[in-house]
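Reproduced below: my_file.txt, with compact mmCIF, C-alpha atoms and all ligand atoms.
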# COMPACT_ATOMS: atom_id res chain seq x y z
CA MET L 625 11.94 -15.16 -24.49
CA HIS L 626 9.04 -15.20 -22.10
CA HIS L 627 8.94 -17.98 -19.57
CA SER L 628 5.34 -17.63 -18.51
CA LYS L 629 2.98 -20.55 -18.45
CA SER L 630 -0.68 -20.90 -17.74
CA SER L 631 -0.46 -24.46 -16.50
CA THR L 632 1.73 -26.34 -14.10
CA ASP L 633 3.05 -28.67 -16.82
CA GLY L 634 6.77 -28.87 -16.76
CA MET L 635 7.10 -27.05 -13.45
CA ARG L 636 10.15 -28.55 -11.86
CA GLN L 637 11.48 -28.85 -8.39
CA GLY L 638 14.72 -27.25 -7.42
CA TYR L 639 13.64 -23.62 -7.22
CA ASP L 640 15.77 -21.49 -4.95
CA TYR L 641 13.15 -18.78 -4.49
CA ILE L 642 9.39 -18.87 -4.92
CA PHE L 643 7.01 -15.92 -4.83
CA LEU L 644 3.35 -16.62 -4.11
CA GLY L 645 1.57 -13.64 -5.61
CA ALA L 646 3.19 -11.23 -8.06
CA GLY L 647 1.90 -7.84 -6.96
CA CYS L 648 3.56 -4.80 -5.48
CA ALA L 649 5.54 -6.53 -2.73
CA SER L 650 6.83 -9.52 -4.72
CA LEU L 651 7.79 -7.39 -7.69
CA SER L 652 9.47 -4.76 -5.49
CA LEU L 653 11.65 -7.43 -3.90
CA LEU L 654 12.31 -9.42 -7.06
CA MET L 655 13.31 -6.32 -9.04
CA ARG L 656 15.90 -5.51 -6.40
CA MET L 657 17.19 -9.07 -6.46
CA ILE L 658 17.55 -8.87 -10.25
CA LYS L 659 19.22 -5.48 -10.10
CA SER L 660 21.80 -6.70 -7.60
CA GLY L 661 23.03 -9.16 -10.25
CA GLN L 662 23.66 -11.72 -7.52
CA PHE L 663 20.73 -14.03 -8.17
CA SER L 664 21.14 -14.77 -11.87
CA GLU L 665 22.25 -18.34 -11.13
CA LYS L 666 19.27 -18.97 -8.86
CA LYS L 667 16.09 -20.56 -10.08
CA ILE L 668 13.13 -18.35 -9.28
CA LEU L 669 9.43 -19.07 -9.63
CA LEU L 670 6.70 -16.45 -9.57
CA ILE L 671 3.06 -17.54 -9.25
CA ASP L 672 0.03 -15.31 -9.65
CA LYS L 673 -3.58 -16.06 -10.41
CA ALA L 674 -3.61 -13.80 -13.46
CA PRO L 675 -1.41 -11.61 -15.63
CA LYS L 676 -1.50 -7.90 -14.85
CA THR L 677 -3.38 -6.30 -17.68
CA SER L 678 -5.27 -3.43 -16.08
CA ASN L 679 -4.50 -0.26 -14.20
CA ASP L 680 -5.99 -1.70 -11.02
CA ARG L 681 -4.51 0.80 -8.56
CA THR L 682 -2.64 4.06 -8.18
CA TRP L 683 0.06 4.37 -5.56
CA CYS L 684 0.73 7.67 -3.85
CA PHE L 685 3.58 8.16 -1.44
CA TRP L 686 6.21 10.73 -0.56
CA GLU L 687 9.93 10.44 -0.93
CA VAL L 688 13.13 12.47 -0.77
CA SER L 689 14.99 12.45 -4.12
CA ASN L 690 14.88 9.55 -6.55
CA GLY L 691 13.56 6.17 -5.49
CA PHE L 692 14.06 2.69 -6.90
CA PHE L 693 11.00 3.02 -9.14
CA GLU L 694 11.65 6.60 -10.24
CA GLU L 695 11.39 5.62 -13.92
CA VAL L 696 7.71 4.78 -13.55
CA VAL L 697 6.70 7.77 -11.45
CA TYR L 698 3.82 9.22 -13.45
CA ARG L 699 3.49 12.57 -11.69
CA LYS L 700 5.03 14.29 -8.71
CA TRP L 701 4.25 17.43 -6.74
CA ASN L 702 6.31 19.38 -4.24
CA THR L 703 3.35 21.37 -3.01
CA VAL L 704 0.40 19.62 -1.38
CA SER L 705 -2.57 21.06 0.39
CA PHE L 706 -4.54 20.01 3.42
CA LEU L 707 -8.09 21.31 3.75
CA SER L 708 -10.63 21.14 6.55
CA ASP L 709 -13.16 23.37 8.31
CA ASP L 710 -10.71 23.90 11.19
CA TYR L 711 -7.45 24.36 9.37
CA SER L 712 -6.25 24.61 5.79
CA SER L 713 -2.80 25.00 4.39
CA VAL L 714 -0.83 24.82 1.17
CA MET L 715 2.40 23.13 2.15
CA ASN L 716 5.78 23.08 0.53
CA ILE L 717 7.06 19.67 1.52
CA ALA L 718 10.64 19.93 0.19
CA PRO L 719 12.87 17.95 0.34
CA TYR L 720 9.97 15.53 -0.03
CA GLU L 721 7.99 15.12 -3.19
CA TYR L 722 4.53 13.62 -3.31
CA LYS L 723 4.66 10.98 -6.04
CA MET L 724 2.25 8.86 -7.93
CA ILE L 725 2.79 5.57 -9.76
CA ARG L 726 0.14 3.98 -11.94
CA GLY L 727 -0.26 0.27 -11.31
CA ILE L 728 -0.16 -0.65 -14.96
CA ASP L 729 3.12 1.21 -15.57
CA PHE L 730 4.69 -0.49 -12.57
CA TYR L 731 3.59 -3.97 -13.66
CA GLN L 732 4.72 -3.50 -17.25
CA TYR L 733 8.08 -2.16 -16.21
CA CYS L 734 8.68 -5.10 -13.87
CA PHE L 735 7.47 -7.80 -16.22
CA ASP L 736 9.56 -6.41 -19.08
CA VAL L 737 12.64 -6.92 -16.94
CA ILE L 738 11.47 -10.27 -15.54
CA SER L 739 10.75 -11.73 -18.98
CA SER L 740 14.33 -11.06 -20.03
CA GLN L 741 15.69 -13.19 -17.17
CA LYS L 742 16.23 -16.82 -18.16
CA ASN L 743 16.32 -17.98 -14.55
CA ILE L 744 12.83 -16.72 -13.70
CA GLU L 745 9.71 -18.66 -14.48
CA VAL L 746 6.23 -17.15 -14.23
CA VAL L 747 3.20 -19.38 -13.74
CA TYR L 748 -0.39 -18.17 -13.78
CA ALA L 749 -2.56 -20.32 -11.55
CA GLU L 750 -4.61 -19.89 -8.42
CA VAL L 751 -2.87 -20.91 -5.22
CA THR L 752 -5.59 -22.44 -3.07
CA GLN L 753 -3.27 -23.69 -0.36
CA TRP L 754 0.34 -24.34 0.54
CA TYR L 755 1.95 -26.77 2.90
CA TYR L 756 5.23 -27.25 4.68
CA GLN L 757 5.96 -30.76 5.92
CA ASN L 758 9.31 -32.25 6.90
CA GLU L 759 10.90 -29.02 5.72
CA LYS L 760 9.48 -29.56 2.27
CA PHE L 761 7.27 -27.01 0.66
CA GLY L 762 4.42 -27.46 -1.77
CA VAL L 763 1.41 -25.63 -3.15
CA VAL L 764 -2.01 -26.59 -4.33
CA LEU L 765 -2.50 -24.99 -7.75
CA ASN L 766 -5.90 -25.14 -9.37
CA GLY L 767 -6.67 -28.02 -7.03
CA GLU L 768 -3.51 -29.94 -7.92
CA LYS L 769 -0.81 -30.67 -5.30
CA VAL L 770 2.61 -29.57 -6.52
CA PRO L 771 5.66 -30.42 -4.37
CA LEU L 772 8.36 -27.80 -4.66
CA GLY L 773 11.26 -28.95 -2.51
CA ARG L 774 13.09 -26.63 -0.16
CA PRO L 775 13.09 -23.13 -1.62
CA VAL L 776 12.94 -19.81 0.20
CA VAL L 777 9.28 -18.84 -0.18
CA PHE L 778 7.92 -15.29 -0.14
CA ASN L 779 4.18 -14.95 0.19
CA SER L 780 1.86 -12.01 -0.43
CA ILE L 781 -1.42 -13.90 -0.70
CA TYR L 782 -3.86 -13.34 2.12
CA LYS L 783 -4.69 -16.44 4.12
CA PRO L 784 -7.28 -15.92 6.85
CA ILE L 785 -5.92 -16.69 10.28
CA ARG L 786 -7.76 -17.08 13.53
CA LYS L 787 -8.09 -13.54 14.80
CA LYS L 788 -7.18 -12.61 18.35
CA LYS L 789 -9.94 -11.39 20.62
CA ASN L 790 -8.96 -7.72 20.50
CA THR L 791 -8.44 -7.49 16.75
CA ILE L 792 -10.29 -4.59 15.18
CA THR L 793 -10.45 -3.70 11.51
CA LEU L 794 -11.65 -0.59 9.75
CA GLN L 795 -11.92 -0.49 5.99
CA GLN L 796 -10.26 2.24 4.05
CA HIS L 797 -12.42 2.33 0.95
CA PHE L 798 -12.38 4.73 -1.92
CA LYS L 799 -13.71 5.37 -5.33
CA GLY L 800 -11.98 7.65 -7.78
CA TRP L 801 -12.50 9.09 -11.21
CA ILE L 802 -9.96 10.38 -13.65
CA ILE L 803 -11.82 13.32 -15.08
CA GLU L 804 -11.14 15.58 -18.01
CA THR L 805 -12.42 19.11 -18.42
CA GLU L 806 -12.53 21.46 -21.38
CA GLN L 807 -11.34 24.51 -19.46
CA ALA L 808 -8.03 24.64 -17.60
CA VAL L 809 -9.21 24.24 -14.00
CA PHE L 810 -6.44 22.38 -12.19
CA ASN L 811 -3.14 23.58 -10.84
CA ALA L 812 -0.86 20.82 -12.09
CA GLY L 813 1.84 21.83 -9.61
CA GLU L 814 -0.22 21.16 -6.53
CA ALA L 815 -1.99 18.07 -5.23
CA ILE L 816 -4.76 18.09 -2.65
CA MET L 817 -3.59 15.45 -0.21
CA MET L 818 -6.63 15.48 2.06
CA ASP L 819 -9.78 17.55 1.85
CA PHE L 820 -11.85 17.03 4.99
CA ARG L 821 -14.44 19.69 4.17
CA VAL L 822 -16.81 16.97 2.97
CA HIS L 823 -19.53 15.76 5.37
CA GLN L 824 -18.48 13.23 7.96
CA LYS L 825 -21.76 11.49 8.54
CA HIS L 826 -20.45 7.99 7.72
CA GLY L 827 -17.24 8.48 9.75
CA THR L 828 -13.79 9.77 8.82
CA THR L 829 -14.13 10.92 5.20
CA PHE L 830 -11.99 12.98 2.86
CA ALA L 831 -11.40 13.59 -0.81
CA TYR L 832 -8.13 14.07 -2.62
CA VAL L 833 -7.21 15.48 -5.99
CA LEU L 834 -4.16 14.56 -8.03
CA PRO L 835 -3.95 16.83 -11.04
CA TYR L 836 -2.18 15.39 -14.10
CA THR L 837 -2.54 18.47 -16.27
CA THR L 838 -4.57 21.67 -16.07
CA THR L 839 -7.48 19.75 -17.60
CA SER L 840 -7.26 16.30 -16.02
CA ALA L 841 -7.04 14.90 -12.52
CA LEU L 842 -7.73 11.86 -10.40
CA VAL L 843 -10.38 12.77 -7.85
CA GLU L 844 -10.88 10.26 -5.08
CA TYR L 845 -13.45 9.94 -2.29
CA THR L 846 -12.14 8.02 0.72
CA LEU L 847 -13.63 6.74 3.98
CA PHE L 848 -12.26 4.98 7.06
CA THR L 849 -15.33 3.10 8.29
CA LYS L 850 -16.53 -0.35 9.27
CA GLU L 851 -18.91 -0.80 6.36
CA LEU L 852 -18.54 -0.06 2.67
CA LEU L 853 -20.97 2.22 0.84
CA ARG L 854 -23.04 1.26 -2.17
CA GLN L 855 -21.36 2.12 -5.47
CA GLU L 856 -23.92 4.78 -6.28
CA GLN L 857 -23.24 6.50 -2.96
CA TYR L 858 -19.57 7.01 -3.82
CA GLU L 859 -20.65 8.31 -7.20
CA THR L 860 -23.10 10.80 -5.73
CA GLU L 861 -20.44 12.02 -3.30
CA LEU L 862 -17.84 12.35 -6.05
CA ARG L 863 -20.27 14.33 -8.20
CA ASN L 864 -21.09 16.63 -5.28
CA TYR L 865 -17.47 17.13 -4.37
CA ILE L 866 -16.45 18.00 -7.90
CA ARG L 867 -19.27 20.52 -8.25
CA GLN L 868 -19.33 22.01 -4.76
CA TYR L 869 -15.65 22.10 -3.80
CA LEU L 870 -13.80 22.07 -7.09
CA GLY L 871 -16.40 24.25 -8.81
CA ILE L 872 -16.38 22.08 -11.92
CA GLU L 873 -19.65 21.63 -13.81
CA LYS L 874 -18.61 19.96 -17.04
CA TYR L 875 -16.25 17.03 -17.29
CA ILE L 876 -15.98 13.53 -18.63
CA ILE L 877 -14.96 10.45 -16.66
CA LYS L 878 -12.05 8.70 -18.36
CA GLU L 879 -11.24 5.97 -15.83
CA VAL L 880 -12.67 4.57 -12.62
CA GLU L 881 -10.81 3.19 -9.60
CA PHE L 882 -12.25 1.44 -6.58
CA GLY L 883 -10.32 -0.08 -3.72
CA VAL L 884 -10.44 -1.34 -0.16
CA ILE L 885 -7.44 -1.42 2.15
CA PRO L 886 -7.76 -3.05 5.58
CA MET L 887 -6.74 -0.85 8.53
CA THR L 888 -6.20 -3.29 11.34
CA ASN L 889 -4.26 -3.97 14.50
CA GLU L 890 -3.94 -7.61 13.48
CA GLN L 891 -0.35 -8.80 13.95
CA PHE L 892 1.11 -10.28 10.80
CA PRO L 893 4.07 -12.59 11.40
CA PHE L 894 6.99 -12.26 8.99
CA TYR L 895 7.77 -15.99 9.02
CA GLN L 896 5.02 -18.58 9.29
CA ASP L 897 4.49 -22.15 8.03
CA GLY L 898 7.49 -22.19 5.75
CA VAL L 899 6.91 -18.80 4.11
CA TYR L 900 8.11 -15.23 4.60
CA ASN L 901 5.19 -12.85 4.34
CA LEU L 902 5.54 -9.68 2.30
CA GLY L 903 3.38 -6.64 1.63
CA THR L 904 -0.01 -6.31 3.26
CA VAL L 905 0.08 -9.86 4.65
CA GLY L 906 3.58 -9.16 5.92
CA GLY L 907 2.24 -6.28 8.02
CA GLN L 908 3.44 -3.53 5.68
CA THR L 909 0.11 -1.70 5.59
CA LYS L 910 0.14 0.95 8.31
CA GLY L 911 -2.84 0.27 10.52
CA SER L 912 -3.82 3.88 11.05
CA SER L 913 -3.37 5.21 7.52
CA GLY L 914 -3.37 2.37 4.99
CA TYR L 915 -0.13 3.63 3.44
CA THR L 916 1.86 0.63 2.24
CA PHE L 917 3.93 1.39 -0.84
CA GLN L 918 6.94 2.93 0.87
CA PHE L 919 6.92 0.38 3.69
CA ILE L 920 7.11 -2.33 1.03
CA GLN L 921 10.06 -0.55 -0.58
CA LYS L 922 11.96 -0.24 2.68
CA ARG L 923 11.27 -3.86 3.59
CA SER L 924 12.39 -5.09 0.15
CA GLU L 925 15.67 -3.26 0.58
CA GLN L 926 16.26 -4.85 4.00
CA ILE L 927 15.46 -8.32 2.69
CA VAL L 928 17.82 -8.08 -0.28
CA LYS L 929 20.60 -6.79 1.97
CA GLN L 930 20.06 -9.66 4.36
CA LEU L 931 20.06 -12.23 1.54
CA LEU L 932 23.23 -10.77 0.05
CA ALA L 933 24.94 -10.83 3.45
CA GLY L 934 23.93 -14.49 3.84
CA LYS L 935 22.18 -13.70 7.11
CA PRO L 936 18.96 -15.38 8.26
CA LEU L 937 15.81 -13.48 7.27
CA GLU L 938 14.20 -14.28 10.63
CA LYS L 939 16.70 -11.90 12.22
CA LEU L 940 15.31 -8.87 10.36
CA PRO L 941 13.73 -6.49 12.85
CA GLY L 942 10.05 -5.69 12.35
CA THR L 943 8.35 -2.33 12.81
CA PRO L 944 9.33 -0.80 16.18
CA ARG L 945 6.65 -1.69 18.71
CA ARG L 946 5.89 1.89 19.65
CA PHE L 947 4.54 2.54 16.14
CA HIS L 948 2.17 -0.40 16.51
CA PHE L 949 1.09 1.17 19.76
CA TYR L 950 0.35 4.57 18.16
CA ASP L 951 -1.46 2.93 15.23
CA ASN L 952 -3.46 0.73 17.56
CA THR L 953 -4.49 3.67 19.75
CA LEU L 954 -5.54 5.77 16.77
CA LEU L 955 -7.40 2.85 15.24
CA HIS L 956 -9.31 2.32 18.50
CA ILE L 957 -10.23 5.99 18.68
CA LEU L 958 -11.58 5.93 15.13
CA TYR L 959 -13.21 2.53 15.48
CA HIS L 960 -15.09 3.50 18.64
CA ASP L 961 -15.88 7.01 17.37
CA GLN L 962 -14.11 8.56 20.34
CA LEU L 963 -12.81 11.45 18.25
CA PRO L 964 -13.50 12.32 14.63
CA GLY L 965 -10.62 11.71 12.24
CA ASN L 966 -10.90 15.15 10.64
CA LYS L 967 -10.13 16.80 14.03
CA ILE L 968 -7.09 14.59 14.55
CA PHE L 969 -5.61 15.18 11.10
CA SER L 970 -6.35 18.92 11.24
CA ARG L 971 -4.49 19.27 14.50
CA LEU L 972 -1.65 17.11 13.23
CA PHE L 973 -1.02 19.41 10.29
CA GLN L 974 -1.80 22.60 12.18
CA LYS L 975 0.65 22.01 15.02
CA ASN L 976 3.54 20.38 13.21
CA LYS L 977 5.73 21.03 10.19
CA PRO L 978 4.52 18.98 7.22
CA GLN L 979 7.92 17.29 6.84
CA GLN L 980 7.71 16.22 10.46
CA VAL L 981 4.23 14.81 9.93
CA LEU L 982 5.38 12.87 6.86
CA ARG L 983 8.32 11.43 8.78
CA PHE L 984 5.99 10.43 11.59
CA LEU L 985 3.58 8.73 9.16
CA ASP L 986 6.61 6.90 7.72
CA ASN L 987 7.57 5.55 11.20
CA GLU L 988 10.86 7.43 10.88
CA THR L 989 10.68 9.88 13.78
CA SER L 990 12.53 9.55 17.07
CA LEU L 991 10.71 8.99 20.34
CA LYS L 992 11.39 12.60 21.30
CA GLU L 993 9.83 13.92 18.10
CA GLU L 994 6.87 11.59 18.53
CA LEU L 995 6.14 12.84 22.02
CA LYS L 996 6.09 16.37 20.73
CA ILE L 997 3.77 15.46 17.85
CA ILE L 998 1.46 13.26 19.86
CA SER L 999 1.10 15.68 22.74
CA SER L 1000 -0.13 18.26 20.22
CA LEU L 1001 -3.06 16.03 19.27
CA PRO L 1002 -6.50 15.64 20.82
CA THR L 1003 -5.65 11.92 21.03
CA TRP L 1004 -3.11 12.56 23.78
CA PRO L 1005 -5.45 11.71 26.71
CA PHE L 1006 -6.32 8.40 25.03
CA LEU L 1007 -2.70 7.58 24.48
CA LYS L 1008 -1.84 8.31 28.10
CA ALA L 1009 -4.69 6.09 29.23
CA ALA L 1010 -3.55 3.31 26.88
CA LEU L 1011 0.01 3.63 28.18
CA LYS L 1012 -1.23 3.09 31.75
CA HIS L 1013 -2.81 -0.19 30.64
C1 LIG X 1 -6.91 0.43 -5.32
C2 LIG X 1 -5.78 0.51 -4.31
C3 LIG X 1 -5.06 1.69 -4.18
C4 LIG X 1 -4.00 1.79 -3.27
N1 LIG X 1 -3.33 2.97 -3.16
C5 LIG X 1 -2.29 3.06 -2.31
C6 LIG X 1 -1.54 4.27 -2.20
O1 LIG X 1 -1.88 5.28 -2.85
N2 LIG X 1 -0.47 4.31 -1.37
C7 LIG X 1 -0.08 3.24 -0.64
O2 LIG X 1 0.91 3.32 0.07
N3 LIG X 1 -0.81 2.09 -0.68
C8 LIG X 1 -1.89 1.97 -1.50
N4 LIG X 1 -2.59 0.80 -1.55
C9 LIG X 1 -2.24 -0.28 -0.60
C10 LIG X 1 -1.08 -1.17 -1.08
O3 LIG X 1 0.03 -0.41 -1.48
C11 LIG X 1 -1.46 -2.09 -2.22
O4 LIG X 1 -2.55 -2.87 -1.86
C12 LIG X 1 -0.31 -3.00 -2.65
O5 LIG X 1 -0.63 -3.49 -3.92
C13 LIG X 1 -0.03 -4.13 -1.67
O6 LIG X 1 0.97 -4.98 -2.20
P1 LIG X 1 0.93 -6.55 -1.96
O7 LIG X 1 2.02 -7.13 -2.78
O8 LIG X 1 0.85 -6.84 -0.53
O9 LIG X 1 -0.49 -7.02 -2.56
P2 LIG X 1 -0.90 -7.05 -4.10
O10 LIG X 1 -0.23 -6.00 -4.87
O11 LIG X 1 -2.39 -7.10 -4.10
O12 LIG X 1 -0.31 -8.46 -4.60
C14 LIG X 1 -0.85 -9.70 -4.25
C15 LIG X 1 -0.84 -10.58 -5.49
O13 LIG X 1 -1.30 -11.88 -5.16
C16 LIG X 1 -2.14 -12.35 -6.19
N5 LIG X 1 -3.03 -13.35 -5.60
C17 LIG X 1 -3.96 -13.13 -4.62
N6 LIG X 1 -4.56 -14.29 -4.30
C18 LIG X 1 -3.98 -15.26 -5.07
C19 LIG X 1 -4.15 -16.66 -5.19
N7 LIG X 1 -5.03 -17.32 -4.42
N8 LIG X 1 -3.41 -17.33 -6.09
C20 LIG X 1 -2.49 -16.69 -6.85
N9 LIG X 1 -2.28 -15.37 -6.79
C21 LIG X 1 -3.01 -14.66 -5.90
C22 LIG X 1 -2.86 -11.12 -6.70
O14 LIG X 1 -3.31 -11.33 -8.03
C23 LIG X 1 -1.77 -10.05 -6.59
O15 LIG X 1 -1.05 -9.93 -7.79
C24 LIG X 1 -3.66 0.68 -2.45
C25 LIG X 1 -4.40 -0.49 -2.58
C26 LIG X 1 -5.45 -0.58 -3.48
C27 LIG X 1 -6.23 -1.88 -3.55
Output the file's structure as structure tokens, nothing else.
Amino acid sequence: MHHSKSSTDGMRQGYDYIFLGAGCASLSLLMRMIKSGQFSEKKILLIDKAPKTSNDRTWCFWEVSNGFFEEVVYRKWNTVSFLSDDYSSVMNIAPYEYKMIRGIDFYQYCFDVISSQKNIEVVYAEVTQWYYQNEKFGVVLNGEKVPLGRPVVFNSIYKPIRKKKNTITLQQHFKGWIIETEQAVFNAGEAIMMDFRVHQKHGTTFAYVLPYTTTSALVEYTLFTKELLRQEQYETELRNYIRQYLGIEKYIIKEVEFGVIPMTNEQFPFYQDGVYNLGTVGGQTKGSSGYTFQFIQKRSEQIVKQLLAGKPLEKLPGTPRRFHFYDNTLLHILYHDQLPGNKIFSRLFQKNKPQQVLRFLDNETSLKEELKIISSLPTWPFLKAALKH
């Protein structure tokens, strides 16, 4: 039985948990709550503006052994390459694997499980606002005020806040094609994680290639800049990259992906106005890289543990401050064009073991390891100056 509705008719009060937004972060947390078996008596409401019917994104991340969503991992590679004019390397990243999950597979997997849970209701409506007064929570759905009592509310919908004076934001924007060739041209065992050989005239720019088979791959063109390009510019660059660097003349485009991820030093509070923020709006997007998927997974695990232990969610520690400091420094350097991103990433991979780099990008290194990594980078003088401030 599927408990989804497209209107607010019959929505009752008395929910224990409410999720505003049903994307990566909400589903990652809710699936863990379901799997724990400890929430089957709780009434749960999930609200999203629309059902997930398209493959709207592809998540790439690295992981040691099997993760919570292993069943929907579409491809994985234990060899990845880094390419640039200064330094290139094919890296064995064991014990890590570089993994890819297709959005559509993830959504279907989650909603299959969710629809079998009698205690979970799914409502499709646009949340235009929410309010928290006298400890009572409510939302405005399609313009209609709906009081919802005193549930625990998790939010992953972006709500613009007044930005602090020193907030800076770069856009990570990318367009990708899933292409198919007649000839076997790809090495399905190896992904290109970053290829910086492309021109850098707009700012930090790289391509990446995720081969599915010897004749198909997702090829993506990515920039970290203030302004987006026009759609035809991404297309021209993709065409050039595929011809010039992959040496492929004939192919067909099977699918198109376009996305924008904010890279910002904005501080996202975990708890605010009656809701706990998850995912990108909960600060889970790393400001200097845009990687989010694994941070969401780690956060979901912490939250479920805390709920099961009956401890207050407010007590959950956030990201250690020093990582915000590194991200902020790197973001400033890129934002103000103080050093080109390709030089920073080249040096990062040239001077450090790939596993160490991956741990650093995951915020999992120790201070000692970080000092060693950071002092190997051309960003070191900037970091020292920032530290003095
Ligand atoms: C194309 C793309 C590719 C990405 N690739 C990677 C990657 O490879 N690796 C990585 O680590 N990260 C990646 N990211 C970043 C990040 O992992 C994703 O953005 C991730 O989906 C963030 O999860 P979230 O739950 O915060 O937001 P979302 O998954 O976007 O979920 C938010 C939900 O809220 C709903 N919603 C929004 N507004 C309203 C409203 N007013 N009313 C009701 N519902 C609303 C949306 O429909 C959506 O379902 C990518 C992002 C994009 C856009």
Discussion item. Just checking: using all atoms listed in the file, which residue out of L:Met655, L:Leu902, L:Val822, L:Leu862 ends up closest to ligand LIG 1 (chain X)?
Written reply: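 Selected residue with least distance to ligand LIG 1 (chain X): L:Leu902.
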Return as JSON the box centre and box size in Å, one decimal, for an axis-aligned box around all listed atoms of ligand LIG 1 (chain X) padded by 3 Å per side.
{"center_x": -2.4, "center_y": -6.0, "center_z": -4.0, "size_x": 14.9, "size_y": 28.6, "size_z": 14.1}
Would you mind listing what lies within 7 Å of region 937-944 of chain L as an mmCIF file with C-alpha atoms, keeping the file's coordinate frame, with all atoms listed in the file counted and same-chain residues fewer than 6 positions away left out?
data_model
loop_
_atom_site.group_PDB
_atom_site.id
_atom_site.type_symbol
_atom_site.label_atom_id
_atom_site.label_comp_id
_atom_site.auth_asym_id
_atom_site.auth_seq_id
_atom_site.Cartn_x
_atom_site.Cartn_y
_atom_site.Cartn_z
ATOM 1 C CA TYR L 895 7.770 -15.990 9.020
ATOM 2 C CA ILE L 927 15.460 -8.320 2.690
ATOM 3 C CA GLN L 930 20.060 -9.660 4.360
#
Produce a table with one row for each residue of chain L that has an atom at most 8 Å from any atom of ligand LIG 1 (chain X), each row naming the nearest atom pair and its distance in Å at one decimal; use all atoms listed in the file; arrange rows by chain and rising residue number; format as CSV.
residue,atom,partner,partner_atom,distance
L:Leu644,CA,X:LIG1,N9,6.4
L:Gly645,CA,X:LIG1,O13,3.4
L:Ala646,CA,X:LIG1,O15,4.4
L:Gly647,CA,X:LIG1,O12,3.3
L:Cys648,CA,X:LIG1,O7,3.9
L:Ala649,CA,X:LIG1,O7,3.6
L:Ser650,CA,X:LIG1,O7,5.7
L:Leu651,CA,X:LIG1,O7,7.6
L:Ile671,CA,X:LIG1,C20,6.1
L:Asp672,CA,X:LIG1,N9,3.7
L:Lys673,CA,X:LIG1,C20,3.8
L:Ala674,CA,X:LIG1,O14,6.0
L:Pro675,CA,X:LIG1,O14,7.8
L:Lys676,CA,X:LIG1,O15,7.4
L:Asp680,CA,X:LIG1,C1,6.2
L:Arg681,CA,X:LIG1,C1,4.0
L:Thr682,CA,X:LIG1,N1,5.2
L:Trp683,CA,X:LIG1,O1,3.5
L:Cys684,CA,X:LIG1,O1,3.7
L:Phe685,CA,X:LIG1,N2,5.6
L:Met724,CA,X:LIG1,O1,7.5
L:Tyr748,CA,X:LIG1,C20,7.4
L:Ala749,CA,X:LIG1,C20,5.9
L:Glu750,CA,X:LIG1,N8,3.7
L:Val751,CA,X:LIG1,N8,3.7
L:Thr752,CA,X:LIG1,N7,5.3
L:Gln753,CA,X:LIG1,N7,7.8
L:Leu765,CA,X:LIG1,N8,7.9
L:Ser780,CA,X:LIG1,C14,5.2
L:Ile781,CA,X:LIG1,C17,4.7
L:Tyr782,CA,X:LIG1,N6,6.5
L:Phe798,CA,X:LIG1,C1,7.7
L:Glu881,CA,X:LIG1,C1,6.4
L:Phe882,CA,X:LIG1,C1,5.6
L:Gly883,CA,X:LIG1,C1,3.8
L:Val884,CA,X:LIG1,C27,5.4
L:Ile885,CA,X:LIG1,C25,5.7
L:Leu902,CA,X:LIG1,O8,6.2
L:Gly903,CA,X:LIG1,O8,3.3
L:Thr904,CA,X:LIG1,O8,3.9
L:Val905,CA,X:LIG1,O8,6.0
L:Gly906,CA,X:LIG1,O8,7.4
L:Gln908,CA,X:LIG1,O8,7.5
L:Thr909,CA,X:LIG1,C9,6.8
L:Gly914,CA,X:LIG1,N3,6.2
L:Tyr915,CA,X:LIG1,O2,3.5
L:Thr916,CA,X:LIG1,O2,3.6
L:Phe917,CA,X:LIG1,O2,3.7
L:Gln918,CA,X:LIG1,O2,6.1
L:Phe919,CA,X:LIG1,O2,7.6
L:Ile920,CA,X:LIG1,O6,7.4
Worksheet item: With all atoms listed in the file as the basis for distance, which of L:Ile728, L:Gly898, L:Glu851, L:Glu665 is at the shortest distance from Asn758 (chain L)?
Response: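 Going through L:Ile728, L:Gly898, L:Glu851, L:Glu665 one by one, the smallest distance to Asn758 (chain L) is for L:Gly898.
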Worksheet entry | Nearest-residue call for Glu721 (chain L), choices L:Glu695, L:Pro978, L:Glu856, L:Lys996, using all atoms listed in the file |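 Closest to Glu721 (chain L), using all atoms listed in the file: L:Pro978.
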Worksheet entry | Two-atom distance - CA of Tyr639 (chain L), CA of Val776 (chain L) (Å) | 8.4 Å
Practice prompt. Rank nothing, just name the residue among L:Asn702, L:Arg786, L:Trp686, L:Leu932 nearest to Ser660 (chain L), using all atoms listed in the file.
Written response: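 Closest candidate: L:Leu932.
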Worksheet, complete the sentence: Between L:Lys666, L:Arg923, L:Lys1008, L:Lys874, smallest distance to Glu804 (chain L) by only C-alpha atoms belongs to L:Lys874
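With only C-alpha atoms as the atoms that count, the residue of L:Ser664, L:Asn790, L:Ser990, L:Ser840 with the shortest distance to Ser740 (chain L) is L:Ser664.
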Against region 704-716 of chain L, which residues of region 815-881 of chain L fall within 9 Å? For each one I want the closest pair of atoms and the distance in Å (one decimal), counting only C-alpha atoms, rows by chain and increasing residue number, as JSON lines.
{"residue": "L:Ala815", "atom": "CA", "partner": "L:Val704", "partner_atom": "CA", "distance": 4.8}
{"residue": "L:Ile816", "atom": "CA", "partner": "L:Ser705", "partner_atom": "CA", "distance": 4.8}
{"residue": "L:Met817", "atom": "CA", "partner": "L:Ser705", "partner_atom": "CA", "distance": 5.7}
{"residue": "L:Met818", "atom": "CA", "partner": "L:Phe706", "partner_atom": "CA", "distance": 5.2}
{"residue": "L:Asp819", "atom": "CA", "partner": "L:Leu707", "partner_atom": "CA", "distance": 4.5}
{"residue": "L:Phe820", "atom": "CA", "partner": "L:Ser708", "partner_atom": "CA", "distance": 4.6}
{"residue": "L:Arg821", "atom": "CA", "partner": "L:Ser708", "partner_atom": "CA", "distance": 4.7}
{"residue": "L:Val822", "atom": "CA", "partner": "L:Ser708", "partner_atom": "CA", "distance": 8.3}
